[in-house]
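Heads up: the structure comes next, in structure tokens.
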Amino acid sequence: MIVTRFAPSPTGELHVGGARTALFAFLFARHNGGKFLLRIEDTDRERYIPESVGHIIAALNWLGLVPDNNDKVVIQSERLEIYKKAANELLNNGHAYICVCSKEKLTADRERQIAEKKPPRYKGHCRELNLKKNDVADEEFVIRMKVPKGGSIAVNDLIHGEIIFDLSLFDDQILIKSDGYPTYHLASVVDDHEMSVTHVIRAEEWLPSTPKHMLLYKMFDWNIPAFAHLPMNLAPDRSKLSKRHGATGVFEYKNLGYLPEALINFIALLGWHPSDDREIFSLSELIKEFSLERVQKSGAIFNIQKLDWLNGEYIKNMSTKDLYGALIDFYKNKPEIISDKNNALKLLEVGRSRMQKLTDFQTLKDSFDIHEYDKNLLIWKESSAEKTLTNLKLTQELLRSLLINEFSQKELEAEIMPLANTNGRGEILWPLRVALSGKNKSPGPFEIMSFIGKEETLRRIEMAIQKLES
RNA sequence: GGUGCCAUCGUCUAGCCUGGUCCAGGACAUCGCCCUUUCACGGCGGUAACGCGGGUUCGAAUCCCGCUGGCACUACCA
């Protein structure tokens, strides 16, 4: 049974980079019929933001990456005794030791070493001291792991292959901090073991500390899981993706009008690609196609233009009913925007190819509305006001005489195009379109008429005629 | 500084393992044309890449070495 996990630190909302990591862990588990678990790594009490736990879970659910332990998420801060017990075991069998070096001393050491252009290392003062817990006051010691002085360790990464690390380069990593909380290294190893995680799928920044984790597994005499280190998501300038590059949170993208399906599809393609040229994938198609072998090694820039395009594709191809549903949800705090259901449905029918994001609905709506405009806008290129007036009146007469009440684009075209072909398309259609929209850029006249209906069409044309006659 | 990872169009990538079918394919963006009353949609087409230098080989984007560059790690942060 394959088990993967996503283990974010609750220091803010779910980041798109984190979502990508979660997605790959989710896809790998689902593809193999395994489990995908969520664990909250809240061992850093200084950066801890309580609300972010709920936000992360909500974001995961919005994306459709529902963990199998959604109702029983593992929270590290509730498991302190387990980590202490594990650390004590290491203490007892000589794989760890108590260290009383003060933070100040360590910082000073490190600064001096850096100034001397030497690698900053823990000097190992306490390594052979063999201090006992009874010898030291609470809150004044840490527990460090005893990393062997020599030798090497090979990490067999599913994406990068075999990587050999020289153990002499590793510091004696702190396992339990002076506040009694475990560090990432201890907690993640203990939990991955307890949760029976078989594949540790995480961001590449963890690759350099994987040997420490493997050492820990060996010290505990536990089975070592498989590792897969995912390439980073980068900002356009190839630096680490951060706030200063714009939106980074999953919910920020939601609020910008992106669909979860499009966001998922987009981040899946950031570091993974099938062997053919397909680019549109639903979550279930991704589950079917995904494999770690086809994950890219190099970092990928988060390029929002492609996300925009993908989102537009999803909007174009989903059913009107689904799109309407997405909009209802999107505007749940501003329901007035979409309160008239028939109107909204009709609008989507006529104009949805103009939408790329859900926020474009407002623009779309506005493009069928009319506002005050300058009458000269009605005149086509080199044409004259008189000619325009005559043509508008001709069009008005024609439309008035139509017996049809429900304007359809096809019927309207059949009725008006002959006139336009005779008198000149620009001469007929431009004034008509401006009369209907009041804008220099807008949907076509037939689109607008079919949307607003006969009565409103005639009213707007009459308005234009009066403008010209005044 | 040290260690490690990575390196194909501006961007995401296919191809690399199993060298020849690659004067490198697709997509986004961009440009042009068509459609068209405008804008968008749509259709068609163009520009654009194997980081550099050495090998190995009849032949290298593909294998090897070096260099350069980018990134990560080097915390009582994860």
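The way I read the labels, and the way they are meant: chains A, B, ... in the order of the structure tokens, residue 1 as the first residue of every chain, and ligand 1 as the first ligand shown, with later ones counted on from there.
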
Need the shell around stretch 252-267 of chain A: protein/DNA/RNA residues with any atom at most 9 Å away, counting only C-alpha atoms (C1' of nucleotides). Skip same-chain ones fewer than 2 positions apart. Format as a ChimeraX atom specification?
/A:16-17,19-20,23,62-64,247-250,269-272,279-283,286,302,306-308,310-315,326,330,356-360

Restrict the selected residues to N, CA, C and O atoms and save them as a short mmCIF file (atom, residue, chain, number, x, y, z; two decimals), in the first residue's frame.
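Written file, out.cif:
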data_model
loop_
_atom_site.label_atom_id
_atom_site.label_comp_id
_atom_site.auth_asym_id
_atom_site.auth_seq_id
_atom_site.Cartn_x
_atom_site.Cartn_y
_atom_site.Cartn_z
N VAL A 16 1.03 28.53 -3.99
CA VAL A 16 0.91 27.72 -5.20
C VAL A 16 2.02 26.66 -5.30
O VAL A 16 1.80 25.58 -5.83
N GLY A 17 3.19 26.99 -4.77
CA GLY A 17 4.27 26.02 -4.77
C GLY A 17 3.92 24.83 -3.89
O GLY A 17 4.15 23.68 -4.25
N ALA A 19 0.90 23.93 -3.20
CA ALA A 19 -0.19 23.23 -3.87
C ALA A 19 0.36 22.25 -4.90
O ALA A 19 -0.16 21.15 -5.08
N ARG A 20 1.42 22.66 -5.57
CA ARG A 20 2.02 21.79 -6.58
C ARG A 20 2.61 20.54 -5.89
O ARG A 20 2.44 19.41 -6.37
N LEU A 23 -0.24 18.40 -4.94
CA LEU A 23 -0.82 17.77 -6.12
C LEU A 23 -0.02 16.53 -6.55
O LEU A 23 -0.60 15.47 -6.79
N TRP A 62 -10.74 22.94 -1.91
CA TRP A 62 -11.20 23.72 -3.09
C TRP A 62 -10.56 23.19 -4.36
O TRP A 62 -11.19 23.08 -5.41
N LEU A 63 -9.29 22.82 -4.24
CA LEU A 63 -8.57 22.31 -5.41
C LEU A 63 -8.97 20.87 -5.75
O LEU A 63 -8.66 20.38 -6.82
N GLY A 64 -9.65 20.22 -4.83
CA GLY A 64 -10.04 18.82 -5.07
C GLY A 64 -9.00 17.84 -4.56
O GLY A 64 -9.09 16.64 -4.80
N ALA A 247 0.59 37.55 -6.86
CA ALA A 247 -0.18 36.55 -6.12
C ALA A 247 0.61 35.26 -5.95
O ALA A 247 1.23 34.76 -6.88
N THR A 248 0.59 34.71 -4.75
CA THR A 248 1.24 33.43 -4.51
C THR A 248 0.30 32.44 -3.82
O THR A 248 0.52 31.24 -3.91
N GLY A 249 -0.74 32.95 -3.17
CA GLY A 249 -1.65 32.08 -2.44
C GLY A 249 -2.72 31.48 -3.34
O GLY A 249 -3.19 32.12 -4.28
N VAL A 250 -3.08 30.25 -3.05
CA VAL A 250 -4.12 29.57 -3.81
C VAL A 250 -5.43 30.37 -3.81
O VAL A 250 -6.06 30.55 -4.85
N LEU A 269 1.37 20.91 -14.97
CA LEU A 269 2.28 21.05 -16.11
C LEU A 269 3.57 21.78 -15.74
O LEU A 269 4.47 21.91 -16.56
N LEU A 270 3.63 22.25 -14.52
CA LEU A 270 4.84 22.93 -14.04
C LEU A 270 5.74 21.87 -13.42
O LEU A 270 5.76 21.67 -12.23
N GLY A 271 6.46 21.17 -14.27
CA GLY A 271 7.35 20.15 -13.73
C GLY A 271 6.95 18.73 -14.11
O GLY A 271 7.68 17.78 -13.84
N TRP A 272 5.81 18.61 -14.73
CA TRP A 272 5.42 17.28 -15.20
C TRP A 272 4.85 17.45 -16.60
O TRP A 272 4.25 18.49 -16.91
N GLU A 279 -2.43 18.89 -23.38
CA GLU A 279 -2.20 19.89 -22.33
C GLU A 279 -3.40 20.09 -21.42
O GLU A 279 -3.27 20.66 -20.35
N ILE A 280 -4.57 19.66 -21.87
CA ILE A 280 -5.76 19.84 -21.04
C ILE A 280 -6.03 18.53 -20.28
O ILE A 280 -6.27 17.49 -20.91
N PHE A 281 -5.96 18.61 -18.97
CA PHE A 281 -6.16 17.43 -18.14
C PHE A 281 -7.08 17.72 -16.97
O PHE A 281 -6.83 18.66 -16.22
N SER A 282 -8.08 16.91 -16.80
CA SER A 282 -8.89 17.00 -15.59
C SER A 282 -8.09 16.29 -14.50
O SER A 282 -7.13 15.58 -14.79
N LEU A 283 -8.53 16.47 -13.26
CA LEU A 283 -7.83 15.83 -12.15
C LEU A 283 -7.81 14.31 -12.33
O LEU A 283 -6.79 13.65 -12.09
N LEU A 286 -5.34 13.36 -14.87
CA LEU A 286 -3.99 13.48 -14.32
C LEU A 286 -3.64 12.26 -13.49
O LEU A 286 -2.53 11.74 -13.56
N PHE A 302 6.66 30.16 -12.84
CA PHE A 302 5.21 30.26 -12.77
C PHE A 302 4.78 31.39 -13.71
O PHE A 302 4.88 32.55 -13.39
N LYS A 306 0.06 31.65 -19.32
CA LYS A 306 -0.44 30.34 -19.73
C LYS A 306 -1.61 29.91 -18.85
O LYS A 306 -2.53 29.26 -19.31
N LEU A 307 -1.55 30.31 -17.59
CA LEU A 307 -2.67 30.03 -16.70
C LEU A 307 -3.93 30.76 -17.21
O LEU A 307 -5.02 30.20 -17.20
N ASP A 308 -3.76 32.00 -17.64
CA ASP A 308 -4.88 32.77 -18.18
C ASP A 308 -5.50 32.04 -19.36
O ASP A 308 -6.72 31.90 -19.47
N LEU A 310 -5.28 28.82 -20.13
CA LEU A 310 -5.92 27.58 -19.68
C LEU A 310 -7.27 27.86 -19.04
O LEU A 310 -8.25 27.15 -19.29
N ASN A 311 -7.31 28.90 -18.21
CA ASN A 311 -8.57 29.23 -17.55
C ASN A 311 -9.64 29.56 -18.58
O ASN A 311 -10.78 29.14 -18.47
N GLY A 312 -9.24 30.29 -19.62
CA GLY A 312 -10.16 30.62 -20.70
C GLY A 312 -10.66 29.37 -21.41
O GLY A 312 -11.84 29.26 -21.76
N GLU A 313 -9.77 28.41 -21.60
CA GLU A 313 -10.16 27.16 -22.24
C GLU A 313 -11.22 26.44 -21.40
O GLU A 313 -12.19 25.92 -21.94
N TYR A 314 -11.01 26.43 -20.09
CA TYR A 314 -11.98 25.78 -19.22
C TYR A 314 -13.31 26.51 -19.27
O TYR A 314 -14.37 25.88 -19.31
N ILE A 315 -13.28 27.82 -19.27
CA ILE A 315 -14.51 28.60 -19.33
C ILE A 315 -15.25 28.35 -20.63
O ILE A 315 -16.47 28.19 -20.65
N ALA A 326 -20.36 28.22 -11.09
CA ALA A 326 -19.07 28.74 -10.64
C ALA A 326 -19.18 30.23 -10.34
O ALA A 326 -18.59 30.73 -9.39
N PHE A 330 -18.61 32.29 -7.03
CA PHE A 330 -17.61 33.35 -7.07
C PHE A 330 -18.16 34.67 -6.54
O PHE A 330 -17.47 35.42 -5.85
N GLN A 356 -12.11 35.11 -19.85
CA GLN A 356 -10.95 34.29 -19.58
C GLN A 356 -10.93 33.93 -18.08
O GLN A 356 -10.50 32.87 -17.68
N LYS A 357 -11.41 34.87 -17.29
CA LYS A 357 -11.49 34.66 -15.86
C LYS A 357 -12.92 34.94 -15.42
O LYS A 357 -13.66 35.64 -16.12
N LEU A 358 -13.30 34.45 -14.26
CA LEU A 358 -14.66 34.70 -13.78
C LEU A 358 -14.93 36.19 -13.58
O LEU A 358 -16.05 36.65 -13.77
N THR A 359 -13.88 36.93 -13.24
CA THR A 359 -14.05 38.38 -13.06
C THR A 359 -14.46 39.06 -14.35
O THR A 359 -15.01 40.16 -14.32
N ASP A 360 -14.19 38.42 -15.48
CA ASP A 360 -14.56 39.02 -16.77
C ASP A 360 -16.08 39.07 -16.96
O ASP A 360 -16.57 39.72 -17.89
#

Compile a residue-level contact table for chain B against chain A at a cut-off of 12 Å, reporting for every qualifying residue the shortest atom pair and its distance in Å to one decimal, with only C-alpha atoms (C1' of nucleotides) counted, rows ordered by chain and ascending number, as a Markdown table.
| residue | atom | partner | partner_atom | distance |
| --- | --- | --- | --- | --- |
| B:G1 | C1' | A:Lys117 | CA | 5.3 |
| B:G2 | C1' | A:Pro119 | CA | 5.9 |
| B:U3 | C1' | A:Leu169 | CA | 7.5 |
| B:G4 | C1' | A:Pro208 | CA | 6.4 |
| B:C5 | C1' | A:Glu204 | CA | 8.2 |
| B:C6 | C1' | A:Ser298 | CA | 5.2 |
| B:A7 | C1' | A:Ser298 | CA | 7.7 |
| B:G10 | C1' | A:Pro236 | CA | 10.3 |
| B:U11 | C1' | A:Asn303 | CA | 6.3 |
| B:C12 | C1' | A:Leu270 | CA | 6.6 |
| B:U13 | C1' | A:His273 | CA | 7.2 |
| B:A14 | C1' | A:Ser275 | CA | 6.7 |
| B:G15 | C1' | A:Ser275 | CA | 9.5 |
| B:C17 | C1' | A:Glu293 | CA | 11.3 |
| B:G25 | C1' | A:Asp277 | CA | 9.1 |
| B:G26 | C1' | A:Asp277 | CA | 5.5 |
| B:A27 | C1' | A:Glu279 | CA | 7.5 |
| B:C28 | C1' | A:Lys306 | CA | 4.8 |
| B:A29 | C1' | A:Gln305 | CA | 7.0 |
| B:U36 | C1' | A:Gly444 | CA | 9.8 |
| B:U37 | C1' | A:Trp430 | CA | 4.2 |
| B:U38 | C1' | A:Lys441 | CA | 5.1 |
| B:C39 | C1' | A:Lys441 | CA | 4.6 |
| B:A40 | C1' | A:Arg354 | CA | 5.6 |
| B:C41 | C1' | A:Ser353 | CA | 5.8 |
| B:G42 | C1' | A:Ser353 | CA | 10.1 |
| B:G70 | C1' | A:Arg238 | CA | 7.6 |
| B:C71 | C1' | A:Ser239 | CA | 7.7 |
| B:A72 | C1' | A:Glu205 | CA | 5.4 |
| B:C73 | C1' | A:Pro208 | CA | 5.6 |
| B:U74 | C1' | A:Pro120 | CA | 7.4 |
| B:A75 | C1' | A:Thr107 | CA | 9.3 |
| B:C76 | C1' | A:Lys177 | CA | 4.6 |
| B:C77 | C1' | A:Asp44 | CA | 7.0 |
| B:A78 | C1' | A:Tyr184 | CA | 6.4 |

May I have all residues of stretch 69-313 of chain A that DSSP, computed from the backbone, assigns to alpha helix (DSSP H), given as an MDAnalysis selection string?
chainID A and resid 80:92 103:115 184:194 210:220 250:255 260:268 283:289 304:313

Identify, with DSSP run on backbone atoms, the residues in stretch 257-365 of chain A assigned to strand (DSSP E or B), and express the list as a PyMOL selection string.
chain A and resi 272+295+300-301
